[in-house]
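> Contents of start06.txt (compact mmCIF, N, CA and C atoms):
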```
# COMPACT_ATOMS: atom_id res chain seq x y z
N MET X 216 9.00 -155.55 24.73
CA MET X 216 9.02 -154.13 24.62
C MET X 216 8.08 -153.48 25.61
N ILE X 217 6.90 -154.01 25.72
CA ILE X 217 5.92 -153.45 26.66
C ILE X 217 6.00 -154.23 27.96
N GLU X 218 6.11 -153.50 29.06
CA GLU X 218 6.20 -154.13 30.37
C GLU X 218 4.85 -153.98 31.07
N PRO X 219 4.08 -155.06 31.22
CA PRO X 219 2.77 -154.95 31.86
C PRO X 219 2.86 -154.57 33.33
N ASN X 220 3.95 -154.85 34.01
CA ASN X 220 4.06 -154.58 35.45
C ASN X 220 4.73 -153.24 35.75
N ASN X 221 4.86 -152.37 34.74
CA ASN X 221 5.48 -151.07 34.93
C ASN X 221 4.55 -150.18 35.77
N SER X 222 5.05 -149.59 36.86
CA SER X 222 4.20 -148.79 37.76
C SER X 222 4.09 -147.34 37.30
N THR X 223 5.01 -146.87 36.48
CA THR X 223 4.95 -145.46 36.07
C THR X 223 4.16 -145.24 34.78
N LEU X 224 4.21 -146.20 33.85
CA LEU X 224 3.48 -146.06 32.58
C LEU X 224 2.47 -147.19 32.45
N SER X 225 1.25 -146.82 32.11
CA SER X 225 0.24 -147.86 31.88
C SER X 225 0.50 -148.53 30.54
N ILE X 226 -0.22 -149.61 30.28
CA ILE X 226 -0.07 -150.34 29.02
C ILE X 226 -0.49 -149.45 27.86
N GLY X 227 -1.57 -148.69 28.04
CA GLY X 227 -2.05 -147.78 26.99
C GLY X 227 -1.01 -146.73 26.65
N GLN X 228 -0.36 -146.16 27.65
CA GLN X 228 0.66 -145.15 27.39
C GLN X 228 1.89 -145.76 26.70
N GLN X 229 2.27 -146.95 27.11
CA GLN X 229 3.40 -147.61 26.46
C GLN X 229 3.08 -147.91 24.99
N CYS X 230 1.84 -148.33 24.73
CA CYS X 230 1.43 -148.62 23.34
C CYS X 230 1.44 -147.33 22.51
N ARG X 231 0.97 -146.23 23.09
CA ARG X 231 1.00 -144.96 22.38
C ARG X 231 2.43 -144.52 22.07
N LEU X 232 3.34 -144.71 23.01
CA LEU X 232 4.74 -144.34 22.78
C LEU X 232 5.38 -145.16 21.66
N LEU X 233 4.95 -146.42 21.56
CA LEU X 233 5.49 -147.31 20.52
C LEU X 233 4.69 -147.24 19.21
N SER X 234 3.62 -146.44 19.20
CA SER X 234 2.75 -146.28 18.02
C SER X 234 2.12 -147.59 17.58
N ILE X 235 1.66 -148.38 18.54
CA ILE X 235 0.91 -149.59 18.22
C ILE X 235 -0.42 -149.51 18.96
N SER X 236 -1.42 -150.20 18.45
CA SER X 236 -2.72 -150.20 19.12
C SER X 236 -2.71 -151.17 20.29
N ARG X 237 -3.57 -150.89 21.26
CA ARG X 237 -3.62 -151.77 22.43
C ARG X 237 -4.16 -153.14 22.06
N SER X 238 -5.07 -153.18 21.09
CA SER X 238 -5.63 -154.48 20.70
C SER X 238 -4.57 -155.39 20.11
N SER X 239 -3.58 -154.83 19.40
CA SER X 239 -2.51 -155.68 18.86
C SER X 239 -1.61 -156.19 19.98
N PHE X 240 -1.53 -155.46 21.11
CA PHE X 240 -0.75 -155.95 22.24
C PHE X 240 -1.43 -157.16 22.88
N TYR X 241 -2.76 -157.12 22.97
CA TYR X 241 -3.50 -158.21 23.62
C TYR X 241 -3.79 -159.38 22.68
N TYR X 242 -3.59 -159.21 21.37
CA TYR X 242 -3.94 -160.24 20.40
C TYR X 242 -3.03 -161.46 20.55
N LYS X 243 -3.64 -162.62 20.62
CA LYS X 243 -2.92 -163.90 20.65
C LYS X 243 -3.32 -164.69 19.40
N PRO X 244 -2.38 -164.98 18.50
CA PRO X 244 -2.73 -165.72 17.29
C PRO X 244 -3.25 -167.12 17.61
N LYS X 245 -4.22 -167.56 16.82
CA LYS X 245 -4.86 -168.85 17.06
C LYS X 245 -4.00 -170.02 16.59
N GLY X 246 -3.28 -169.85 15.49
CA GLY X 246 -2.53 -170.96 14.93
C GLY X 246 -3.38 -171.75 13.95
N GLU X 247 -2.86 -172.82 13.46
CA GLU X 247 -3.56 -173.65 12.48
C GLU X 247 -4.39 -174.71 13.16
N THR X 248 -5.49 -175.09 12.50
CA THR X 248 -6.35 -176.14 13.04
C THR X 248 -5.70 -177.49 12.84
N GLU X 249 -6.24 -178.49 13.50
CA GLU X 249 -5.72 -179.86 13.36
C GLU X 249 -5.88 -180.36 11.93
N GLN X 250 -6.99 -179.98 11.29
CA GLN X 250 -7.22 -180.41 9.92
C GLN X 250 -6.16 -179.81 8.99
N ASN X 251 -5.86 -178.52 9.17
CA ASN X 251 -4.84 -177.89 8.34
C ASN X 251 -3.45 -178.47 8.61
N LEU X 252 -3.16 -178.79 9.85
CA LEU X 252 -1.87 -179.41 10.17
C LEU X 252 -1.74 -180.78 9.51
N GLY X 253 -2.86 -181.54 9.49
CA GLY X 253 -2.85 -182.83 8.79
C GLY X 253 -2.64 -182.66 7.29
N LEU X 254 -3.30 -181.64 6.71
CA LEU X 254 -3.12 -181.36 5.29
C LEU X 254 -1.67 -180.94 5.00
N MET X 255 -1.10 -180.15 5.89
CA MET X 255 0.28 -179.71 5.70
C MET X 255 1.24 -180.89 5.75
N ARG X 256 0.95 -181.85 6.62
CA ARG X 256 1.78 -183.05 6.68
C ARG X 256 1.68 -183.84 5.38
N ARG X 257 0.44 -183.98 4.84
CA ARG X 257 0.23 -184.70 3.57
C ARG X 257 0.91 -183.97 2.41
N ILE X 258 0.81 -182.63 2.42
CA ILE X 258 1.45 -181.83 1.37
C ILE X 258 2.96 -182.02 1.43
N ASP X 259 3.51 -182.02 2.63
CA ASP X 259 4.96 -182.18 2.79
C ASP X 259 5.42 -183.55 2.30
N GLU X 260 4.67 -184.60 2.65
CA GLU X 260 5.02 -185.94 2.19
C GLU X 260 5.00 -186.03 0.67
N GLN X 261 3.94 -185.48 0.07
CA GLN X 261 3.81 -185.54 -1.38
C GLN X 261 4.86 -184.67 -2.07
N PHE X 262 5.17 -183.52 -1.46
CA PHE X 262 6.14 -182.61 -2.06
C PHE X 262 7.55 -183.22 -2.02
N LEU X 263 7.87 -183.97 -0.96
CA LEU X 263 9.17 -184.64 -0.92
C LEU X 263 9.27 -185.72 -1.99
N GLU X 264 8.13 -186.35 -2.28
CA GLU X 264 8.10 -187.40 -3.29
C GLU X 264 8.14 -186.80 -4.71
N LYS X 265 7.37 -185.74 -4.92
CA LYS X 265 7.29 -185.11 -6.25
C LYS X 265 7.40 -183.59 -6.08
N PRO X 266 8.62 -183.05 -6.09
CA PRO X 266 8.80 -181.62 -5.83
C PRO X 266 8.37 -180.71 -6.98
N PHE X 267 7.90 -181.29 -8.07
CA PHE X 267 7.43 -180.48 -9.19
C PHE X 267 5.92 -180.23 -9.12
N PHE X 268 5.25 -180.75 -8.10
CA PHE X 268 3.82 -180.53 -7.95
C PHE X 268 3.56 -179.10 -7.51
N GLY X 269 2.76 -178.40 -8.27
CA GLY X 269 2.33 -177.06 -7.91
C GLY X 269 1.01 -177.12 -7.15
N VAL X 270 0.34 -176.00 -7.08
CA VAL X 270 -0.90 -175.92 -6.32
C VAL X 270 -1.99 -176.77 -6.95
N ARG X 271 -2.12 -176.69 -8.27
CA ARG X 271 -3.19 -177.43 -8.94
C ARG X 271 -3.00 -178.94 -8.83
N GLN X 272 -1.79 -179.40 -9.07
CA GLN X 272 -1.55 -180.84 -8.98
C GLN X 272 -1.66 -181.34 -7.55
N MET X 273 -1.22 -180.52 -6.59
CA MET X 273 -1.32 -180.92 -5.19
C MET X 273 -2.79 -180.99 -4.77
N THR X 274 -3.60 -180.03 -5.22
CA THR X 274 -5.03 -180.05 -4.93
C THR X 274 -5.68 -181.29 -5.53
N TRP X 275 -5.32 -181.60 -6.77
CA TRP X 275 -5.87 -182.78 -7.44
C TRP X 275 -5.48 -184.05 -6.69
N HIS X 276 -4.23 -184.12 -6.25
CA HIS X 276 -3.76 -185.31 -5.51
C HIS X 276 -4.50 -185.46 -4.18
N LEU X 277 -4.66 -184.36 -3.44
CA LEU X 277 -5.34 -184.44 -2.15
C LEU X 277 -6.82 -184.75 -2.32
N ARG X 278 -7.44 -184.26 -3.38
CA ARG X 278 -8.85 -184.59 -3.64
C ARG X 278 -9.00 -186.07 -3.95
N ASN X 279 -8.03 -186.64 -4.69
CA ASN X 279 -8.09 -188.08 -5.00
C ASN X 279 -7.91 -188.92 -3.75
N ASP X 280 -7.25 -188.38 -2.72
CA ASP X 280 -7.10 -189.09 -1.46
C ASP X 280 -8.31 -188.95 -0.56
N GLY X 281 -9.32 -188.18 -0.99
CA GLY X 281 -10.55 -188.06 -0.23
C GLY X 281 -10.64 -186.81 0.63
N ASN X 282 -9.75 -185.85 0.45
CA ASN X 282 -9.81 -184.60 1.21
C ASN X 282 -10.62 -183.57 0.42
N LEU X 283 -11.52 -182.87 1.09
CA LEU X 283 -12.28 -181.81 0.45
C LEU X 283 -11.51 -180.50 0.61
N VAL X 284 -10.74 -180.16 -0.40
CA VAL X 284 -9.91 -178.95 -0.36
C VAL X 284 -10.09 -178.18 -1.66
N ASN X 285 -9.78 -176.89 -1.60
CA ASN X 285 -9.78 -176.09 -2.83
C ASN X 285 -8.39 -175.51 -3.04
N GLU X 286 -8.19 -174.88 -4.19
CA GLU X 286 -6.86 -174.38 -4.55
C GLU X 286 -6.41 -173.25 -3.64
N LYS X 287 -7.35 -172.41 -3.21
CA LYS X 287 -6.96 -171.28 -2.36
C LYS X 287 -6.35 -171.75 -1.05
N ARG X 288 -6.93 -172.78 -0.48
CA ARG X 288 -6.43 -173.31 0.80
C ARG X 288 -5.04 -173.92 0.62
N ILE X 289 -4.87 -174.71 -0.44
CA ILE X 289 -3.59 -175.36 -0.70
C ILE X 289 -2.53 -174.31 -1.00
N ARG X 290 -2.90 -173.26 -1.76
CA ARG X 290 -1.95 -172.19 -2.07
C ARG X 290 -1.50 -171.50 -0.79
N ARG X 291 -2.43 -171.22 0.12
CA ARG X 291 -2.10 -170.57 1.37
C ARG X 291 -1.19 -171.44 2.23
N LEU X 292 -1.51 -172.75 2.31
CA LEU X 292 -0.70 -173.65 3.13
C LEU X 292 0.69 -173.85 2.54
N MET X 293 0.78 -173.97 1.21
CA MET X 293 2.10 -174.13 0.59
C MET X 293 2.93 -172.87 0.77
N ARG X 294 2.29 -171.70 0.68
CA ARG X 294 3.02 -170.45 0.90
C ARG X 294 3.47 -170.35 2.35
N LEU X 295 2.61 -170.80 3.28
CA LEU X 295 2.96 -170.78 4.70
C LEU X 295 4.14 -171.71 4.98
N MET X 296 4.19 -172.85 4.28
CA MET X 296 5.28 -173.80 4.47
C MET X 296 6.53 -173.41 3.69
N GLY X 297 6.42 -172.44 2.79
CA GLY X 297 7.57 -172.01 2.00
C GLY X 297 7.91 -172.97 0.88
N LEU X 298 6.92 -173.70 0.36
CA LEU X 298 7.16 -174.66 -0.71
C LEU X 298 6.97 -174.00 -2.07
N MET X 299 7.93 -174.18 -2.95
CA MET X 299 7.87 -173.65 -4.31
C MET X 299 8.22 -174.78 -5.25
N PRO X 300 7.36 -175.12 -6.21
CA PRO X 300 7.66 -176.25 -7.09
C PRO X 300 8.87 -175.97 -7.97
N ILE X 301 9.54 -177.05 -8.36
CA ILE X 301 10.70 -176.96 -9.24
C ILE X 301 10.22 -177.17 -10.67
N TYR X 302 10.43 -176.19 -11.50
CA TYR X 302 10.05 -176.32 -12.90
C TYR X 302 10.94 -175.40 -13.75
N GLN X 303 10.98 -175.67 -15.04
CA GLN X 303 11.79 -174.88 -15.95
C GLN X 303 11.12 -173.53 -16.16
N LYS X 304 11.82 -172.47 -15.81
CA LYS X 304 11.28 -171.13 -15.98
C LYS X 304 11.79 -170.56 -17.31
N PRO X 305 11.00 -169.69 -17.93
CA PRO X 305 11.47 -169.11 -19.18
C PRO X 305 12.67 -168.21 -18.96
N ASN X 306 13.62 -168.28 -19.84
CA ASN X 306 14.82 -167.46 -19.73
C ASN X 306 14.86 -166.54 -20.94
N THR X 307 14.04 -165.51 -20.92
CA THR X 307 13.91 -164.66 -22.10
C THR X 307 14.92 -163.51 -22.10
N SER X 308 15.64 -163.31 -21.03
CA SER X 308 16.58 -162.18 -20.96
C SER X 308 17.89 -162.47 -21.66
N ARG X 309 18.32 -163.72 -21.67
CA ARG X 309 19.60 -164.06 -22.29
C ARG X 309 19.40 -164.35 -23.78
N PRO X 310 20.22 -163.77 -24.64
CA PRO X 310 20.08 -164.07 -26.06
C PRO X 310 20.62 -165.47 -26.38
N ALA X 311 20.11 -166.02 -27.46
CA ALA X 311 20.57 -167.34 -27.88
C ALA X 311 21.99 -167.25 -28.40
N LYS X 312 22.71 -168.37 -28.35
CA LYS X 312 24.08 -168.39 -28.85
C LYS X 312 24.08 -168.14 -30.35
N GLY X 313 24.97 -167.30 -30.80
CA GLY X 313 25.06 -167.00 -32.22
C GLY X 313 24.06 -165.97 -32.70
N HIS X 314 23.23 -165.43 -31.80
CA HIS X 314 22.23 -164.44 -32.20
C HIS X 314 22.92 -163.09 -32.40
N LYS X 315 22.68 -162.47 -33.55
CA LYS X 315 23.32 -161.20 -33.86
C LYS X 315 22.60 -160.07 -33.12
N THR X 316 23.38 -159.19 -32.48
CA THR X 316 22.83 -158.03 -31.80
C THR X 316 22.95 -156.84 -32.75
N TYR X 317 21.81 -156.27 -33.11
CA TYR X 317 21.81 -155.16 -34.06
C TYR X 317 22.02 -153.85 -33.32
N PRO X 318 22.78 -152.94 -33.91
CA PRO X 318 23.02 -151.66 -33.24
C PRO X 318 21.79 -150.75 -33.33
N TYR X 319 21.70 -149.81 -32.40
CA TYR X 319 20.61 -148.83 -32.41
C TYR X 319 21.02 -147.71 -33.34
N LEU X 320 20.36 -147.62 -34.49
CA LEU X 320 20.79 -146.71 -35.55
C LEU X 320 20.38 -145.26 -35.30
N LEU X 321 19.48 -145.01 -34.37
CA LEU X 321 19.02 -143.65 -34.14
C LEU X 321 19.76 -142.96 -33.00
N ARG X 322 20.77 -143.59 -32.44
CA ARG X 322 21.52 -142.98 -31.34
C ARG X 322 22.24 -141.72 -31.82
N GLY X 323 22.02 -140.61 -31.14
CA GLY X 323 22.67 -139.35 -31.48
C GLY X 323 22.00 -138.60 -32.62
N LEU X 324 20.94 -139.14 -33.22
CA LEU X 324 20.26 -138.48 -34.33
C LEU X 324 19.19 -137.55 -33.78
N ARG X 325 19.19 -136.30 -34.23
CA ARG X 325 18.16 -135.34 -33.82
C ARG X 325 17.02 -135.41 -34.84
N VAL X 326 15.82 -135.69 -34.35
CA VAL X 326 14.65 -135.76 -35.22
C VAL X 326 14.08 -134.35 -35.28
N GLU X 327 14.17 -133.71 -36.47
CA GLU X 327 13.80 -132.31 -36.59
C GLU X 327 12.67 -132.06 -37.56
N ARG X 328 12.24 -133.03 -38.34
CA ARG X 328 11.17 -132.80 -39.30
C ARG X 328 10.28 -134.04 -39.39
N PRO X 329 9.04 -133.87 -39.85
CA PRO X 329 8.15 -135.02 -40.02
C PRO X 329 8.68 -136.00 -41.07
N ASN X 330 8.33 -137.24 -40.90
CA ASN X 330 8.71 -138.33 -41.81
C ASN X 330 10.22 -138.55 -41.87
N GLN X 331 10.96 -138.05 -40.92
CA GLN X 331 12.41 -138.29 -40.89
C GLN X 331 12.70 -139.69 -40.35
N VAL X 332 11.91 -140.12 -39.36
CA VAL X 332 12.09 -141.42 -38.73
C VAL X 332 10.74 -142.14 -38.75
N TRP X 333 10.79 -143.39 -39.14
CA TRP X 333 9.57 -144.19 -39.16
C TRP X 333 9.70 -145.31 -38.15
N CYS X 334 8.53 -145.80 -37.71
CA CYS X 334 8.50 -146.90 -36.74
C CYS X 334 7.38 -147.85 -37.15
N SER X 335 7.54 -149.11 -36.89
CA SER X 335 6.48 -150.08 -37.17
C SER X 335 6.22 -150.89 -35.92
N ASP X 336 4.99 -151.35 -35.80
CA ASP X 336 4.57 -152.14 -34.64
C ASP X 336 4.20 -153.52 -35.13
N ILE X 337 4.79 -154.54 -34.54
CA ILE X 337 4.47 -155.91 -34.93
C ILE X 337 3.47 -156.45 -33.89
N THR X 338 2.23 -156.51 -34.29
CA THR X 338 1.17 -156.97 -33.40
C THR X 338 0.47 -158.15 -34.07
N TYR X 339 0.25 -159.19 -33.31
CA TYR X 339 -0.47 -160.35 -33.82
C TYR X 339 -1.95 -160.19 -33.49
N LEU X 340 -2.77 -160.21 -34.50
CA LEU X 340 -4.22 -160.14 -34.30
C LEU X 340 -4.80 -161.52 -34.55
N PRO X 341 -5.51 -162.09 -33.57
CA PRO X 341 -6.08 -163.42 -33.81
C PRO X 341 -7.22 -163.36 -34.81
N MET X 342 -7.15 -164.22 -35.79
CA MET X 342 -8.20 -164.32 -36.81
C MET X 342 -8.75 -165.74 -36.77
N ARG X 343 -9.83 -165.95 -37.47
CA ARG X 343 -10.46 -167.26 -37.48
C ARG X 343 -9.55 -168.32 -38.10
N SER X 344 -8.74 -167.92 -39.09
CA SER X 344 -7.89 -168.89 -39.78
C SER X 344 -6.43 -168.80 -39.36
N GLY X 345 -6.11 -168.06 -38.30
CA GLY X 345 -4.72 -167.95 -37.84
C GLY X 345 -4.48 -166.57 -37.26
N PHE X 346 -3.32 -166.02 -37.58
CA PHE X 346 -2.96 -164.68 -37.10
C PHE X 346 -2.73 -163.77 -38.27
N LEU X 347 -2.98 -162.47 -38.06
CA LEU X 347 -2.78 -161.48 -39.10
C LEU X 347 -1.54 -160.68 -38.79
```
Is it possible to express this structure as structure tokens?

Amino acid sequence: MIEPNNSTLSIGQQCRLLSISRSSFYYKPKGETEQNLGLMRRIDEQFLEKPFFGVRQMTWHLRNDGNLVNEKRIRRLMRLMGLMPIYQKPNTSRPAKGHKTYPYLLRGLRVERPNQVWCSDITYLPMRSGFL
């Protein structure tokens, strides 16, 4: 987009026209270090073997192999590699088979006076001997 050899517009003017800063034009990304590339290779090998390993299990596995890593680094590298563990996700949107769907009884009802409609809240309060 920006032509450094343009004789009519300087680089600064071209950057202003494109609404980008000049520093972002000159910025060259560093890339990953050799250590991170080695970790990414190990993560990929382990993930192919056990695709259900998430960040915590992968961190634990790499620590057992003698690598000094933390969860934040492994999370960043797995996100960079596009790895997502395979696991059973909750499916709370679909009703169970045979589950009765109750109709909404207040549809079309105009609430015009106090105590015409009541509501209850089901809240679990943790107690020492269970829930209340």
> Enumerate the residues of chain X with a DSSP assignment of helix (DSSP H, G or I), computed from the backbone, and present them as a ChimeraX atom specification.
/X:226-233,237-241,249-264,270-279,286-296
> From range 240-347 of chain X, collect each residue whose DSSP state is strand (DSSP E or B) and return the set as a PyMOL selection string.
chain X and resi 341-342+345-346
> Considering all atoms listed in the file, return as a ChimeraX atom specification whatever protein or nucleic-acid residues lie within 6 Å of range 300-306 of chain X, sequence-local ones (same chain, fewer than 4 positions apart) excluded.
/X:266-269
> How would the residues just chosen look if you wrote them out with N, CA and C atoms as a compact mmCIF listing (two decimals), in the coordinates of the input?

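Dumped everything to selection.txt:
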```txt
# COMPACT_ATOMS: atom_id res chain seq x y z
N PRO X 266 8.62 -183.05 -6.09
CA PRO X 266 8.80 -181.62 -5.83
C PRO X 266 8.37 -180.71 -6.98
N PHE X 267 7.90 -181.29 -8.07
CA PHE X 267 7.43 -180.48 -9.19
C PHE X 267 5.92 -180.23 -9.12
N PHE X 268 5.25 -180.75 -8.10
CA PHE X 268 3.82 -180.53 -7.95
C PHE X 268 3.56 -179.10 -7.51
N GLY X 269 2.76 -178.40 -8.27
CA GLY X 269 2.33 -177.06 -7.91
C GLY X 269 1.01 -177.12 -7.15
```
> Which residues are close to Arg290 in chain X, i.e. within 8 Å by all atoms listed in the file, leaving aside same-chain residues fewer than 3 positions away? Reply as number ranges by chain.
X: 269-271, 274, 285-287, 293-296
> Would you pick out the contacts of range 234-245 of chain X at 12 Å or less, using only C-alpha atoms, so that residues sharing its chain but fewer than 4 positions from it are not included, and give the list as a ChimeraX atom specification?
/X:216-219,225-230,249
> What are the centre and edge lengths in Å, to one decimal, of the axis-aligned box around all listed atoms of range 296-313 of chain X with 6 Å added on each side, as lines of an AutoDock Vina configuration file?

```
center_x = 14.6
center_y = -169.7
center_z = -14.1
size_x = 32.9
size_y = 27.0
size_z = 49.2
```
> Could you jot down the atom C of Phe262 in chain X to atom C of Arg291 in chain X separation for me, Å, one decimal place?
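Taking atom C of Phe262 in chain X as the start and atom C of Arg291 in chain X as the end point, the length is 15.3 Å.
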> Would you compute the distance between CA of Leu277 in chain X and atom C of Gly246 in chain X? Give it in Å to one decimal.
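Taking CA of Leu277 in chain X as the start and atom C of Gly246 in chain X as the end point, the length is 20.6 Å.
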> What's around Asn282 in chain X at 12 Å? Count only C-alpha atoms, leave out sequence neighbours fewer than 6 positions away in its own chain, and write the answer as a PyMOL selection string.
chain X and resi 250-251+253-254+257-258+273-276+288-289
